[in-house]
$ cat work_15.cif   # mmCIF, C-alpha atoms
data_work
loop_
_atom_site.label_atom_id
_atom_site.label_comp_id
_atom_site.auth_asym_id
_atom_site.auth_seq_id
_atom_site.Cartn_x
_atom_site.Cartn_y
_atom_site.Cartn_z
CA MET H 862 14.33 0.25 34.74
CA ALA H 863 12.13 2.55 32.68
CA PRO H 864 12.56 6.22 33.51
CA VAL H 865 9.75 7.78 35.52
CA PRO H 866 8.05 10.38 33.31
CA ASN H 867 8.55 13.90 34.59
CA THR H 868 5.02 15.22 34.27
CA GLN H 869 6.01 18.72 35.43
CA ALA H 870 8.50 19.00 32.58
CA ASP H 871 5.99 17.47 30.16
CA ARG H 872 3.38 20.01 31.12
CA ARG H 873 5.71 22.89 30.50
CA ALA H 874 6.77 21.37 27.20
CA LEU H 875 3.12 21.04 26.18
CA ARG H 876 2.71 24.81 26.60
CA ARG H 877 4.84 25.26 23.48
CA ALA H 878 3.83 22.08 21.66
CA ILE H 879 0.17 22.82 20.86
CA PRO H 880 0.00 23.82 17.18
CA GLY H 881 -0.71 27.51 16.56
CA THR H 882 -0.70 28.17 20.30
CA ALA H 883 1.68 29.50 22.95
CA LEU H 884 0.18 29.20 26.42
CA PHE H 885 0.70 32.39 28.42
CA ASP H 886 3.09 31.41 31.22
CA GLY H 887 5.89 32.97 33.23
CA GLU H 888 8.18 33.33 30.23
CA LEU H 889 5.58 35.30 28.24
CA ALA H 890 4.28 37.13 31.32
CA GLN H 891 7.78 38.49 32.01
CA ARG H 892 8.42 39.41 28.39
CA GLY H 893 5.04 41.12 28.03
CA PHE H 894 4.71 42.91 31.36
CA ALA H 895 5.09 46.49 30.08
CA LEU H 896 2.81 45.98 27.09
CA ASN H 897 0.16 44.25 29.18
CA ALA H 898 0.39 46.95 31.86
CA MET H 899 -0.32 49.59 29.23
CA CYS H 900 -3.27 47.58 27.91
CA TYR H 901 -4.62 47.10 31.45
CA SER H 902 -4.61 50.89 31.85
CA PHE H 903 -7.15 51.08 29.01
CA ASN H 904 -9.93 50.02 31.38
CA ASP H 905 -10.01 53.77 32.08
CA ALA H 906 -11.51 55.88 29.27
CA ALA H 907 -9.21 58.81 30.14
CA ASN H 908 -6.20 56.59 29.49
CA ARG H 909 -7.61 55.49 26.13
CA ALA H 910 -7.96 59.16 25.21
CA ALA H 911 -4.40 59.87 26.37
CA PHE H 912 -3.10 57.04 24.18
CA LEU H 913 -4.96 58.38 21.15
CA ALA H 914 -3.72 61.93 21.83
CA ASP H 915 -0.05 60.91 22.08
CA GLU H 916 0.57 57.27 21.24
CA GLU H 917 4.37 57.57 21.24
CA GLY H 918 4.49 59.32 24.60
CA TYR H 919 1.93 57.00 26.17
CA CYS H 920 3.87 53.89 25.08
CA ARG H 921 7.09 55.45 26.38
CA SER H 922 5.50 56.15 29.76
CA PHE H 923 4.87 52.40 30.17
CA GLY H 924 8.39 51.51 29.08
CA LEU H 925 7.46 49.38 26.08
CA GLY H 926 10.43 47.64 24.48
CA SER H 927 11.27 48.38 20.86
CA GLU H 928 9.68 45.13 19.65
CA GLN H 929 6.48 45.93 21.55
CA ARG H 930 6.42 49.55 20.37
CA ALA H 931 6.88 48.49 16.75
CA ALA H 932 4.10 45.89 17.04
CA VAL H 933 1.69 48.46 18.47
CA ALA H 934 2.63 51.05 15.84
CA ALA H 935 2.02 48.50 13.08
CA ARG H 936 -1.26 47.28 14.69
CA ASP H 937 0.36 43.85 14.32
CA VAL H 938 -1.49 41.55 16.73
CA PRO H 939 0.61 38.40 16.14
CA ALA H 940 3.73 40.49 16.84
CA MET H 941 2.14 41.84 20.05
CA LEU H 942 1.48 38.25 21.17
CA ALA H 943 5.04 37.26 20.30
CA ALA H 944 6.23 40.20 22.39
CA GLY H 945 4.42 38.77 25.41
CA GLY H 946 1.04 40.41 24.99
CA ASN H 947 -1.84 38.51 26.59
CA VAL H 948 -5.03 38.44 24.59
CA TYR H 949 -7.25 39.46 27.54
CA TYR H 950 -5.28 42.70 27.91
CA LEU H 951 -4.61 43.17 24.18
CA ALA H 952 -8.37 43.07 23.57
CA LYS H 953 -8.59 46.42 25.35
CA LEU H 954 -6.02 47.92 22.97
CA ALA H 955 -7.76 46.31 20.01
CA GLY H 956 -10.99 47.98 21.16
CA ILE H 957 -9.31 51.39 20.74
CA PHE H 958 -8.62 50.42 17.12
CA GLY H 959 -12.24 49.29 16.70
CA LEU H 960 -11.28 45.61 16.44
CA ASN H 961 -13.23 42.79 18.13
CA VAL H 962 -12.07 39.24 18.81
CA GLN H 963 -13.24 38.07 15.40
CA ASP H 964 -11.17 40.77 13.73
CA LEU H 965 -8.24 39.58 15.87
CA GLY H 966 -8.93 35.99 14.80
CA ALA H 967 -8.87 37.01 11.15
CA LEU H 968 -5.60 38.91 11.61
CA GLN H 969 -3.94 35.95 13.34
CA THR H 970 -5.11 33.28 10.91
CA GLY H 971 -4.42 35.26 7.75
CA ARG H 972 -8.08 35.16 6.72
CA SER H 973 -10.55 37.88 5.89
CA VAL H 974 -13.02 38.60 8.69
CA ALA H 975 -15.78 37.11 6.52
CA ASP H 976 -13.75 33.92 6.03
CA PHE H 977 -12.95 33.70 9.74
CA LYS H 978 -16.66 34.01 10.62
CA ALA H 979 -17.51 31.44 7.95
CA MET H 980 -14.99 29.05 9.50
CA LEU H 981 -16.68 29.46 12.89
CA LEU H 982 -20.12 28.88 11.38
CA ALA H 983 -18.81 25.81 9.57
CA ALA H 984 -17.89 24.28 12.94
CA ARG H 985 -21.63 23.89 13.53
CA SER H 986 -21.79 21.15 10.92
CA GLY H 987 -19.55 19.04 13.16
CA VAL H 988 -22.08 19.15 16.02
CA ASP H 989 -24.11 15.97 16.49
CA PRO H 990 -27.86 16.75 16.88
CA ALA H 991 -27.77 14.80 20.15
CA LEU H 992 -25.33 17.45 21.43
CA GLY H 993 -26.55 20.64 19.74
CA GLY H 994 -29.62 22.63 20.72
CA LEU H 995 -31.83 22.73 23.77
CA HIS H 996 -32.44 19.54 25.74
CA LEU H 997 -34.76 19.45 28.74
CA GLY H 998 -34.56 16.97 31.60
CA LEU H 999 -37.63 15.24 32.97
CA ALA H 1000 -38.37 17.83 35.66
CA ALA H 1001 -38.07 20.72 33.20
CA ARG H 1002 -40.33 18.95 30.69
CA ARG H 1003 -42.94 18.60 33.43
CA ARG H 1004 -42.62 22.30 34.23
CA GLU H 1005 -42.97 23.20 30.55
CA HIS H 1006 -46.28 21.31 30.42
CA ALA H 1007 -47.58 22.45 33.79
CA MET K 1386 -29.30 25.15 57.66
CA ALA K 1387 -28.43 26.57 54.26
CA ASP K 1388 -29.87 24.74 51.26
CA ILE K 1389 -27.94 24.34 47.98
CA VAL K 1390 -30.73 24.41 45.41
CA GLY K 1391 -28.63 23.47 42.39
CA GLY K 1392 -26.17 24.72 39.82
CA TYR K 1393 -26.41 27.08 36.84
CA PHE K 1394 -23.59 27.06 34.30
CA THR K 1395 -23.25 29.27 31.25
CA SER K 1396 -20.85 30.78 28.77
CA HIS K 1397 -20.14 34.45 29.44
CA VAL K 1398 -18.87 35.79 26.08
CA PRO K 1399 -18.83 39.64 26.08
CA ALA K 1400 -20.63 39.69 22.71
CA ILE K 1401 -23.72 38.32 24.52
CA GLY K 1402 -23.85 41.63 26.37
CA GLY K 1403 -23.72 43.47 23.05
CA ALA K 1404 -26.61 41.39 21.72
CA ILE K 1405 -28.67 42.14 24.86
CA GLN K 1406 -27.86 45.85 24.54
CA ARG K 1407 -29.03 45.87 20.91
CA GLY K 1408 -32.09 43.72 21.65
CA GLU K 1409 -31.00 40.95 19.25
CA GLN K 1410 -32.19 37.98 21.32
CA GLU K 1411 -34.57 36.90 18.55
CA ALA K 1412 -32.13 37.48 15.66
CA ASP K 1413 -31.20 34.34 13.70
CA TYR K 1414 -27.60 34.43 14.92
CA TRP K 1415 -28.52 34.72 18.61
CA LYS K 1416 -31.87 32.97 19.03
CA PRO K 1417 -30.52 29.40 19.44
CA PHE K 1418 -28.40 30.62 22.36
CA PHE K 1419 -31.03 32.81 24.06
CA ASP K 1420 -33.65 30.05 23.65
CA GLY K 1421 -31.78 28.21 26.39
CA PHE K 1422 -32.75 30.76 29.04
CA PRO K 1423 -36.54 30.54 29.54
CA PRO K 1424 -36.07 27.11 31.18
CA VAL K 1425 -33.24 28.56 33.33
CA ARG K 1426 -35.49 31.42 34.47
CA ARG K 1427 -38.40 29.10 35.27
CA TRP K 1428 -36.08 26.87 37.29
CA LEU K 1429 -34.67 29.85 39.18
CA ALA K 1430 -38.19 31.14 39.89
CA ASP K 1431 -39.09 27.76 41.43
CA ALA K 1432 -35.79 27.25 43.26
CA ALA K 1433 -35.96 30.82 44.63
CA PRO K 1434 -32.32 31.21 45.65
CA ASP K 1435 -31.30 34.23 47.71
CA VAL K 1436 -27.52 33.80 47.44
CA ALA K 1437 -25.30 32.96 44.45
CA VAL K 1438 -21.82 31.52 44.95
CA VAL K 1439 -20.14 32.09 41.60
CA PHE K 1440 -16.94 30.55 40.24
CA TYR K 1441 -15.64 32.73 37.41
CA ASN K 1442 -12.46 34.19 35.95
CA ASP K 1443 -11.45 37.82 35.73
CA HIS K 1444 -10.38 39.07 32.28
CA GLY K 1445 -8.14 41.94 33.30
CA LEU K 1446 -10.60 44.21 35.06
CA ASN K 1447 -9.74 43.58 38.72
CA PHE K 1448 -6.57 41.51 38.54
CA PHE K 1449 -3.41 42.37 36.66
CA LEU K 1450 -0.17 40.41 36.32
CA ASP K 1451 1.43 42.40 39.15
CA ALA K 1452 -0.50 40.24 41.64
CA MET K 1453 -2.38 37.30 40.18
CA PRO K 1454 -4.16 35.08 42.70
CA THR K 1455 -4.78 31.45 41.80
CA PHE K 1456 -8.00 31.41 43.86
CA ALA K 1457 -9.59 34.62 45.22
CA VAL K 1458 -12.70 34.83 47.39
CA GLY K 1459 -14.65 38.07 47.54
CA ALA K 1460 -15.62 39.36 50.97
CA ALA K 1461 -17.13 42.72 50.05
CA ALA K 1462 -20.45 44.26 51.00
CA ALA K 1463 -20.91 45.29 47.36
CA TYR K 1464 -19.28 44.47 44.03
CA HIS K 1465 -19.25 46.81 41.06
CA ASN K 1466 -18.72 46.27 37.36
CA ALA K 1467 -16.74 48.91 35.45
CA ASP K 1468 -15.65 49.94 31.97
CA GLU K 1469 -13.67 47.01 30.59
CA GLY K 1470 -12.33 49.04 27.70
CA TRP K 1471 -14.43 47.77 24.82
CA GLY K 1472 -17.57 49.89 24.97
CA LEU K 1473 -19.76 47.37 26.79
CA PRO K 1474 -22.39 48.91 29.08
CA VAL K 1475 -21.44 49.07 32.76
CA TYR K 1476 -23.64 46.50 34.44
CA LYS K 1477 -25.60 46.65 37.68
CA SER K 1478 -23.79 46.30 40.99
CA PHE K 1479 -24.12 43.27 43.26
CA THR K 1480 -24.88 43.09 46.96
CA GLY K 1481 -22.38 40.92 48.80
CA HIS K 1482 -22.81 38.60 51.77
CA PRO K 1483 -19.67 39.30 53.83
CA ASN K 1484 -20.62 36.98 56.69
CA LEU K 1485 -21.01 34.02 54.37
CA SER K 1486 -17.83 35.04 52.50
CA TRP K 1487 -15.84 35.00 55.74
CA HIS K 1488 -17.38 31.66 56.70
CA LEU K 1489 -16.13 30.28 53.37
CA ILE K 1490 -12.72 31.88 53.85
CA GLU K 1491 -12.35 30.37 57.34
CA ALA K 1492 -13.43 26.95 56.09
CA LEU K 1493 -11.20 27.02 53.01
CA VAL K 1494 -8.07 28.01 54.89
CA GLU K 1495 -8.90 25.41 57.56
CA ALA K 1496 -9.07 22.91 54.65
CA GLU K 1497 -5.58 24.10 53.56
CA PHE K 1498 -6.61 26.13 50.50
CA ASP K 1499 -4.29 29.15 50.59
CA ILE K 1500 -6.72 31.58 49.00
CA THR K 1501 -6.55 35.33 48.50
CA THR K 1502 -9.30 37.33 50.20
CA CYS K 1503 -10.69 40.48 48.59
CA GLN K 1504 -12.68 43.02 50.59
CA LYS K 1505 -12.73 45.15 47.47
CA MET K 1506 -12.96 43.68 43.99
CA GLN K 1507 -14.49 44.74 40.70
CA VAL K 1508 -16.33 42.02 38.83
CA ASP K 1509 -16.39 41.78 35.05
CA HIS K 1510 -18.66 40.42 32.31
CA ALA K 1511 -17.96 36.87 33.48
CA LEU K 1512 -20.27 37.62 36.41
CA SER K 1513 -22.59 40.23 34.94
CA ILE K 1514 -23.59 38.42 31.75
CA PRO K 1515 -24.76 35.20 33.45
CA PHE K 1516 -26.86 37.36 35.80
CA GLU K 1517 -28.26 39.42 32.90
CA LEU K 1518 -29.22 36.18 31.16
CA ALA K 1519 -30.83 34.69 34.26
CA TRP K 1520 -32.73 37.77 35.48
CA PRO K 1521 -33.12 40.03 32.42
CA ASP K 1522 -35.76 42.47 33.64
CA VAL K 1523 -34.95 43.18 37.28
CA GLU K 1524 -34.09 46.52 38.86
CA ALA K 1525 -31.74 44.83 41.32
CA TRP K 1526 -30.35 41.30 41.45
CA PRO K 1527 -32.58 39.03 43.55
CA VAL K 1528 -29.58 37.20 45.08
CA LYS K 1529 -26.61 38.24 47.15
CA LEU K 1530 -23.20 37.39 45.70
CA VAL K 1531 -20.17 35.48 46.94
CA PRO K 1532 -17.63 35.46 44.08
CA VAL K 1533 -14.76 33.00 43.76
CA ALA K 1534 -12.25 33.92 41.04
CA ILE K 1535 -10.04 31.25 39.47
CA ASN K 1536 -6.93 32.20 37.50
CA THR K 1537 -7.40 31.13 33.88
CA VAL K 1538 -5.14 33.85 32.49
CA GLN K 1539 -1.58 32.93 33.41
CA PHE K 1540 -0.07 29.44 33.51
CA PRO K 1541 0.52 27.55 35.72
CA LEU K 1542 -3.24 27.34 36.20
CA PRO K 1543 -4.68 25.39 39.13
CA SER K 1544 -5.15 21.78 38.04
CA PRO K 1545 -8.60 20.38 37.29
CA PRO K 1546 -8.44 18.07 40.35
CA ARG K 1547 -7.51 21.04 42.53
CA CYS K 1548 -10.45 23.06 41.18
CA LEU K 1549 -12.81 20.16 41.90
CA ALA K 1550 -11.37 19.89 45.41
CA LEU K 1551 -11.80 23.65 45.95
CA GLY K 1552 -15.41 23.35 44.90
CA ARG K 1553 -15.96 20.40 47.22
CA ALA K 1554 -14.52 22.42 50.11
CA VAL K 1555 -16.78 25.36 49.24
CA GLY K 1556 -19.76 23.01 49.15
CA ALA K 1557 -18.86 21.56 52.55
CA ALA K 1558 -18.58 25.07 53.96
CA LEU K 1559 -21.96 26.08 52.52
CA ARG K 1560 -23.60 23.01 54.01
CA SER K 1561 -22.17 23.89 57.42
CA TRP K 1562 -23.45 27.50 57.29
CA PRO K 1563 -26.09 27.89 60.01
CA GLY K 1564 -28.19 30.39 58.07
CA THR K 1565 -31.36 29.48 56.19
CA GLU K 1566 -30.27 30.87 52.82
CA ARG K 1567 -31.13 29.12 49.58
CA ILE K 1568 -27.93 29.02 47.56
CA VAL K 1569 -27.44 28.61 43.83
CA VAL K 1570 -23.92 27.70 42.69
CA MET K 1571 -22.77 29.09 39.35
CA GLY K 1572 -19.89 28.27 37.05
CA THR K 1573 -19.29 30.61 34.12
CA GLY K 1574 -17.28 30.60 30.90
CA GLY K 1575 -16.38 28.08 28.21
CA LEU K 1576 -16.94 25.93 26.42
CA SER K 1577 -14.28 25.36 23.77
CA HIS K 1578 -12.80 28.50 22.26
CA GLN K 1579 -9.45 30.06 21.44
CA LEU K 1580 -8.84 33.77 20.85
CA GLU K 1581 -5.13 33.84 20.14
CA GLY K 1582 -2.54 32.37 17.85
CA SER K 1583 -2.87 30.87 14.40
CA ARG K 1584 -5.26 28.31 15.98
CA ALA K 1585 -7.68 31.17 16.86
CA GLY K 1586 -11.23 30.08 16.16
CA PHE K 1587 -10.58 26.52 17.36
CA ILE K 1588 -13.75 24.82 18.58
CA ASN K 1589 -13.96 21.17 19.71
CA PRO K 1590 -17.50 19.78 20.01
CA ASP K 1591 -16.16 16.32 20.94
CA TYR K 1592 -14.45 17.61 24.08
CA ASP K 1593 -17.42 19.84 24.91
CA ARG K 1594 -19.68 16.80 24.65
CA PHE K 1595 -17.37 14.86 26.96
CA CYS K 1596 -17.68 17.66 29.54
CA LEU K 1597 -21.45 18.03 29.20
CA ASP K 1598 -22.02 14.26 29.34
CA HIS K 1599 -20.01 13.83 32.56
CA LEU K 1600 -20.84 17.02 34.46
CA ALA K 1601 -23.99 15.76 36.23
CA ALA K 1602 -23.03 12.22 37.19
CA ASP K 1603 -19.25 11.86 36.99
CA PRO K 1604 -17.45 15.23 37.26
CA ALA K 1605 -14.23 13.49 38.33
CA ALA K 1606 -13.93 12.39 34.68
CA LEU K 1607 -13.19 16.05 33.84
CA THR K 1608 -10.13 15.97 36.09
CA ALA K 1609 -8.27 13.33 34.08
CA HIS K 1610 -6.55 16.01 31.99
CA SER K 1611 -3.93 18.51 33.10
CA ALA K 1612 -4.74 22.20 32.60
CA GLU K 1613 -2.35 22.19 29.61
CA GLU K 1614 -4.18 19.22 28.11
CA VAL K 1615 -7.48 21.04 28.64
CA ALA K 1616 -6.03 24.01 26.71
CA GLU K 1617 -5.07 21.64 23.90
CA LEU K 1618 -8.54 20.03 23.87
CA ALA K 1619 -10.74 23.05 24.58
CA GLY K 1620 -8.64 25.97 23.31
CA THR K 1621 -6.73 28.57 25.27
CA GLN K 1622 -9.90 30.19 26.64
CA GLY K 1623 -11.69 26.85 26.89
CA VAL K 1624 -9.75 26.41 30.14
CA GLU K 1625 -12.63 28.35 31.68
CA ILE K 1626 -14.16 24.89 32.15
CA LEU K 1627 -12.15 25.03 35.43
CA ASN K 1628 -14.91 27.33 36.74
CA TRP K 1629 -17.53 24.72 35.84
CA ILE K 1630 -15.49 21.94 37.48
CA ALA K 1631 -15.18 23.92 40.73
CA ALA K 1632 -18.88 24.82 40.71
CA ARG K 1633 -19.80 21.19 40.13
CA GLY K 1634 -17.61 20.22 43.07
CA ALA K 1635 -19.56 22.56 45.33
CA LEU K 1636 -22.77 20.73 44.43
CA GLY K 1637 -21.61 17.56 46.18
CA ASP K 1638 -20.54 14.08 45.13
CA ALA K 1639 -23.96 12.57 44.45
CA PRO K 1640 -25.08 12.35 40.81
CA LEU K 1641 -27.31 15.28 39.89
CA ALA K 1642 -30.34 15.57 37.64
CA MET K 1643 -30.03 17.57 34.43
CA VAL K 1644 -32.78 20.18 34.33
CA MET K 1645 -31.72 21.56 30.96
CA ARG K 1646 -28.76 21.90 28.68
CA ASN K 1647 -28.25 23.98 25.58
CA TYR K 1648 -25.26 23.86 23.23
CA HIS K 1649 -24.81 26.14 20.26
CA VAL K 1650 -21.91 26.83 17.90
CA PRO K 1651 -20.77 29.57 17.47
CA ILE K 1652 -21.34 32.65 19.60
CA SER K 1653 -18.57 35.01 18.56
CA ASN K 1654 -15.54 32.66 18.64
CA THR K 1655 -17.07 30.33 21.21
CA ALA K 1656 -18.96 27.07 21.50
CA ALA K 1657 -21.66 28.29 23.89
CA ALA K 1658 -23.36 26.13 26.49
CA THR K 1659 -25.87 26.54 29.29
CA VAL K 1660 -26.70 23.87 31.90
CA VAL K 1661 -28.85 23.64 35.01
CA LEU K 1662 -28.37 20.77 37.46
CA GLU K 1663 -30.34 20.03 40.60
CA PRO K 1664 -30.32 17.36 43.31
CA ALA K 1665 -31.65 14.11 41.86
#

$ encode --input "work_15.cif" --output "structure tokens"
Amino acid sequence: MAPVPNTQADRRALRRAIPGTALFDGELAQRGFALNAMCYSFNDAANRAAFLADEEGYCRSFGLGSEQRAAVAARDVPAMLAAGGNVYYLAKLAGIFGLNVQDLGALQTGRSVADFKAMLLAARSGVDPALGGLHLGLAARRREHA
Amino acid sequence: MADIVGGYFTSHVPAIGGAIQRGEQEADYWKPFFDGFPPVRRWLADAAPDVAVVFYNDHGLNFFLDAMPTFAVGAAAAYHNADEGWGLPVYKSFTGHPNLSWHLIEALVEAEFDITTCQKMQVDHALSIPFELAWPDVEAWPVKLVPVAINTVQFPLPSPPRCLALGRAVGAALRSWPGTERIVVMGTGGLSHQLEGSRAGFINPDYDRFCLDHLAADPAALTAHSAEEVAELAGTQGVEILNWIAARGALGDAPLAMVMRNYHVPISNTAAATVVLEPA
């Protein structure tokens, strides 16, 4: 008899099987808790100022592990992700460094920011005209002409 | 009896807020995206909703990993935006509709959805930007808000079928509300995009097209994939399509009419889309 596929196990396996991707799950959430907690604190401008005034002390107060501390010190975003950082929280730290998500994309893909933006723009050429742009349904077309 | 006037779906990328702040709606980069909104605004003016039930995801403003609800329903009298840490403007506050929120909460728990209830919750750009796009020049939002937050941050995420079922239960609750409110349902986020990893910048127009082509008439098609498969197809942040699936569920099982749809690549790292659906 053929074995019944274990879809639960397959789903978890898929979280590590997507190329260039590690889905943020319990394993990463545990590993990254201290780093993400520090980043979450950066919703408050006073905390961003405290970090800038004493980065070492601020990181210590959140109990960052040595791998996390080194990644932050080096402004090494891939290393922060490997240390369990979640991009939604890391974006707040990146903002302190003046980096947006396209800068982060460039850092993670080993491209210049210009090349990363060009790659995104190039994706437009793969969009069928039937998909891209504004399409109005019948009722909206009537409204437009009313 | 309450009337569900239709659904409004849009991407909520923070950079849109930056473009609005700088007045760049007509700039070459932004115009194809912002051109989708005059038809949305005309539809909203005609449909005249007075309540918005919004399915969205928090990006680390209100919820942290210390306590991460899978589904959270707001039950506050007011909801405030706040500094999200990246220099975006703080957006206008929202007036809540606690009685309708508690009606939803009662109905959802009765239907065996073990939701989290929030009498106090901050709402982030995922709520504010769709409102700014829909009603750009108002002093105060013309609709009251009932927010429903779906976890798209930490796996395991709720499955696509579960999100559709949640939406259906919300829709049933709205239809049983004895008030005379006119309700617009919103789903925010997406479409395909990925912010992290060496696959950052991933965009998949084929999957986006699949979603857009099935949303009005056959939303169950969007539930054929697991959340992990959606992440593979749509990118790690493309899982925000869960908000669209839930919102579509709230609009009922009958096929809907497409009022408008707009799809533009890229906005920041994202394949951006805007859709309005109404009863056929």

$ residues_around --input "work_15.cif" --residues "Leu992 (chain H)" --least-positions-apart "6" --cutoff "9 Å" --atoms "all atoms listed in the file" --output "list of chain:residue names"
K:Pro1590, K:Asp1593, K:Arg1594, K:Leu1597, K:Asn1647, K:Tyr1648, K:His1649

$ write_last_selection --input "work_15.cif" --atoms "C-alpha atoms" --output "short mmCIF file (atom, residue, chain, number, x, y, z; two decimals), in the frame of the given file"
data_model
loop_
_atom_site.label_atom_id
_atom_site.label_comp_id
_atom_site.auth_asym_id
_atom_site.auth_seq_id
_atom_site.Cartn_x
_atom_site.Cartn_y
_atom_site.Cartn_z
CA PRO K 1590 -17.50 19.78 20.01
CA ASP K 1593 -17.42 19.84 24.91
CA ARG K 1594 -19.68 16.80 24.65
CA LEU K 1597 -21.45 18.03 29.20
CA ASN K 1647 -28.25 23.98 25.58
CA TYR K 1648 -25.26 23.86 23.23
CA HIS K 1649 -24.81 26.14 20.26
#

$ resolve_selection --input "work_15.cif" --expression "the PyMOL selection byres ((chain H) within 6 of (chain K))" --output "ChimeraX atom specification"
/H:881-882,885-886,903-904,949,953,956,966,969-970,985,993-998,1001

$ residues_around --input "work_15.cif" --residues "region 1556-1560 of chain K" --least-positions-apart "4" --cutoff "7 Å" --atoms "only C-alpha atoms" --output "compact mmCIF listing (two decimals) with C-alpha atoms, keeping the file's coordinate frame"
# COMPACT_ATOMS: atom_id res chain seq x y z
CA ALA K 1387 -28.43 26.57 54.26
CA LEU K 1489 -16.13 30.28 53.37
CA ALA K 1492 -13.43 26.95 56.09
CA GLY K 1552 -15.41 23.35 44.90
CA ALA K 1635 -19.56 22.56 45.33
CA LEU K 1636 -22.77 20.73 44.43
CA GLY K 1637 -21.61 17.56 46.18

$ resolve_selection --input "work_15.cif" --expression "the PyMOL selection byres ((chain K and resi 1502) around 8)" --output "list in words"
Ala1457, Val1458, Gly1459, Ala1460, Ile1490, Ile1500, Thr1501, Cys1503 and Gln1504 of chain K

$ atom_distance --input "work_15.cif" --atom1 "CA of Gly1481 (chain K)" --atom2 "CA of Tyr1464 (chain K)"
6.7 Å

$ atom_distance --input "work_15.cif" --atom1 "CA of Asp1435 (chain K)" --atom2 "CA of Leu999 (chain H)"
24.9 Å

$ resolve_selection --input "work_15.cif" --expression "the PyMOL selection byres ((chain H and resi 909) around 10)" --output "PyMOL selection string"
(chain H and resi 899-900+902-908+910-914+916+919+953-954+956-957) or (chain K and resi 1470)

$ decode --input "work_15.cif" --residues "region 917-930 of chain H" --atoms "N, CA and C atoms" --output "mmCIF file, in the first residue's frame"
data_model
loop_
_atom_site.group_PDB
_atom_site.id
_atom_site.type_symbol
_atom_site.label_atom_id
_atom_site.label_comp_id
_atom_site.auth_asym_id
_atom_site.auth_seq_id
_atom_site.Cartn_x
_atom_site.Cartn_y
_atom_site.Cartn_z
ATOM 1 N N GLU H 917 26.002 49.796 21.689
ATOM 2 C CA GLU H 917 26.466 48.616 22.435
ATOM 3 C C GLU H 917 25.571 48.374 23.659
ATOM 4 N N GLY H 918 25.339 49.440 24.410
ATOM 5 C CA GLY H 918 24.532 49.303 25.620
ATOM 6 C C GLY H 918 23.091 48.964 25.297
ATOM 7 N N TYR H 919 22.569 49.556 24.219
ATOM 8 C CA TYR H 919 21.172 49.299 23.857
ATOM 9 C C TYR H 919 20.991 47.830 23.443
ATOM 10 N N CYS H 920 21.938 47.320 22.643
ATOM 11 C CA CYS H 920 21.866 45.911 22.229
ATOM 12 C C CYS H 920 21.976 44.992 23.448
ATOM 13 N N ARG H 921 22.842 45.369 24.391
ATOM 14 C CA ARG H 921 23.031 44.542 25.590
ATOM 15 C C ARG H 921 21.741 44.507 26.413
ATOM 16 N N SER H 922 21.044 45.658 26.452
ATOM 17 C CA SER H 922 19.835 45.715 27.282
ATOM 18 C C SER H 922 18.737 44.798 26.742
ATOM 19 N N PHE H 923 18.803 44.454 25.456
ATOM 20 C CA PHE H 923 17.827 43.508 24.891
ATOM 21 C C PHE H 923 18.360 42.076 24.851
ATOM 22 N N GLY H 924 19.592 41.906 25.330
ATOM 23 C CA GLY H 924 20.128 40.542 25.430
ATOM 24 C C GLY H 924 20.442 39.908 24.094
ATOM 25 N N LEU H 925 20.893 40.697 23.119
ATOM 26 C CA LEU H 925 21.245 40.112 21.825
ATOM 27 C C LEU H 925 22.364 39.092 21.990
ATOM 28 N N GLY H 926 22.272 37.989 21.290
ATOM 29 C CA GLY H 926 23.352 37.010 21.255
ATOM 30 C C GLY H 926 24.527 37.556 20.452
ATOM 31 N N SER H 927 25.662 36.879 20.571
ATOM 32 C CA SER H 927 26.881 37.403 19.928
ATOM 33 C C SER H 927 26.729 37.453 18.407
ATOM 34 N N GLU H 928 26.059 36.446 17.853
ATOM 35 C CA GLU H 928 25.854 36.428 16.393
ATOM 36 C C GLU H 928 24.984 37.622 15.972
ATOM 37 N N GLN H 929 23.941 37.880 16.766
ATOM 38 C CA GLN H 929 23.046 39.003 16.454
ATOM 39 C C GLN H 929 23.768 40.331 16.611
ATOM 40 N N ARG H 930 24.539 40.455 17.699
ATOM 41 C CA ARG H 930 25.257 41.712 17.951
ATOM 42 C C ARG H 930 26.244 41.995 16.831
#
